[in-house]
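K.L.:
Right, I'll just put the structure down here and ask away after.
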Amino acid sequence: MEWTLPEFFQFLRDDPELRVLFVEGDHDLSFWRALVPLSDRTNTAVYKIASVNVTGVVRSERGCIMELARQMFGGEFADRVKFFADADHDRILGRVGPATVILTDSRDRESYVMSHEGMASVCETGFNKTEEFTRDTVALVRTILRPVAALRVLSERLDKRLPFKRTLNPEGEPGRIRKYFEKKNGVVELKCDGLIVALIQNSQLNMSEKGEITAALLDESVRLQDFDDDQIIHGKDLIGFLSWRLGCSFEAAQACVNLALLQLRQVLIARPNMQLAANWVRG
């Protein structure tokens, strides 16, 4: 099912009591079906954004959400439609979107699992690992993934448009980020220099910019030091790291994270923005 915008508006006119929450993709839709099942809802439906043909310059599901929210803002149905989207770097870069968009409390949906309780659910419940393994994993996430997160923020801040998806999570080969992890003398490290080179090679940039990016990355890391890990680390980077750390496929790690999020249901709903969205869906 895919509506044009006029068709969606007519759909709302035909059911004047209905309220709608739009989410990004299939995993988000499954998450909300489990988080607030149909039996707990009153005249509220959850749809993924691909259900509407969004016109405008958009490059992602999140982009479609923001564009549709802008197009509907202040209109006839503004009080009946809300949107739930990944925060991405909006808080860090001071970006403010339409008021009808509820952002995740963490950087994205997957990042909600980055508490010790969430990581224990993934490692210990999902893969029968020890508490010590979980503690080491939490520490490694900070050591290995924060530099990647800083590089992502830097790319946006400087408008470098480094191709992270094509480099780290290309179609057909998700979790390629594991190529940039290595273990030396028992210590796990990020091959940051190699990652920067790969990003530049996959972009329209000249390799002469590598020095500028490397130097700016140090400054960006300092700027981000007051932000918690879950505010800056990309969920797909986390899943790629977990697949490497746990010795499983990207898909298996992703499934385990999704299940862990549902196991943490009461914790998640206590977070302000998740609570706001859940209350909206309940009606």
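All residue names refer to the structure tokens as shown: chains lettered A, B, ... in order, residues numbered from 1 in each chain, ligands numbered from 1 in order.
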What are the DSSP helix (DSSP H, G or I) residues of segment 5-112 of chain A, as a PyMOL selection string?

P.N.:
chain A and resi 5-14+26-35+38-40+49-51+61-72+90-93+110-112

K.L.:
Produce a table with one row for each residue of segment 95-134 of chain A that has an atom at most 7 Å from any atom of segment 225-244 of chain A, each row naming the nearest atom pair and its distance in Å at one decimal; use only C-alpha atoms; arrange rows by chain and rising residue number; format as a tab-separated table.

P.N.:
```
residue	atom	partner	partner_atom	distance
A:Ser106	CA	A:Gln231	CA	4.9
A:Arg107	CA	A:Gln231	CA	4.5
A:Asp108	CA	A:Gly235	CA	6.3
A:Glu110	CA	A:Gly235	CA	4.8
A:Ser111	CA	A:Gly235	CA	5.2
A:Tyr112	CA	A:Asp230	CA	6.8
A:Met114	CA	A:Asp230	CA	6.1
```

K.L.:
Can you pull out every residue within 8 Å of Ala150 of chain A, counting only C-alpha atoms, but drop anything in the same chain fewer than 3 positions away, and send it as a list of chain:residue names?

P.N.:
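What passes the distance filter is A:Arg146, A:Pro147, A:Val153, A:Leu154, A:Leu217, A:Glu220, A:Ser221, A:Leu224, A:Ile232.
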
K.L.:
Can you pull out the residues contacting segment 93-96 of chain A? Cut-off 10 Å, using only C-alpha atoms, and skip same-chain residues under 6 positions away; I want them as a ChimeraX atom specification.

P.N.:
/A:87,153,156-157

K.L.:
Would you mind telling me which residue in A:Thr137, A:Glu2, A:His116, A:Arg62 lies nearest to Gly97 of chain A when using only C-alpha atoms?

P.N.:
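Closest to Gly97 of chain A of all the choices is A:Arg62.
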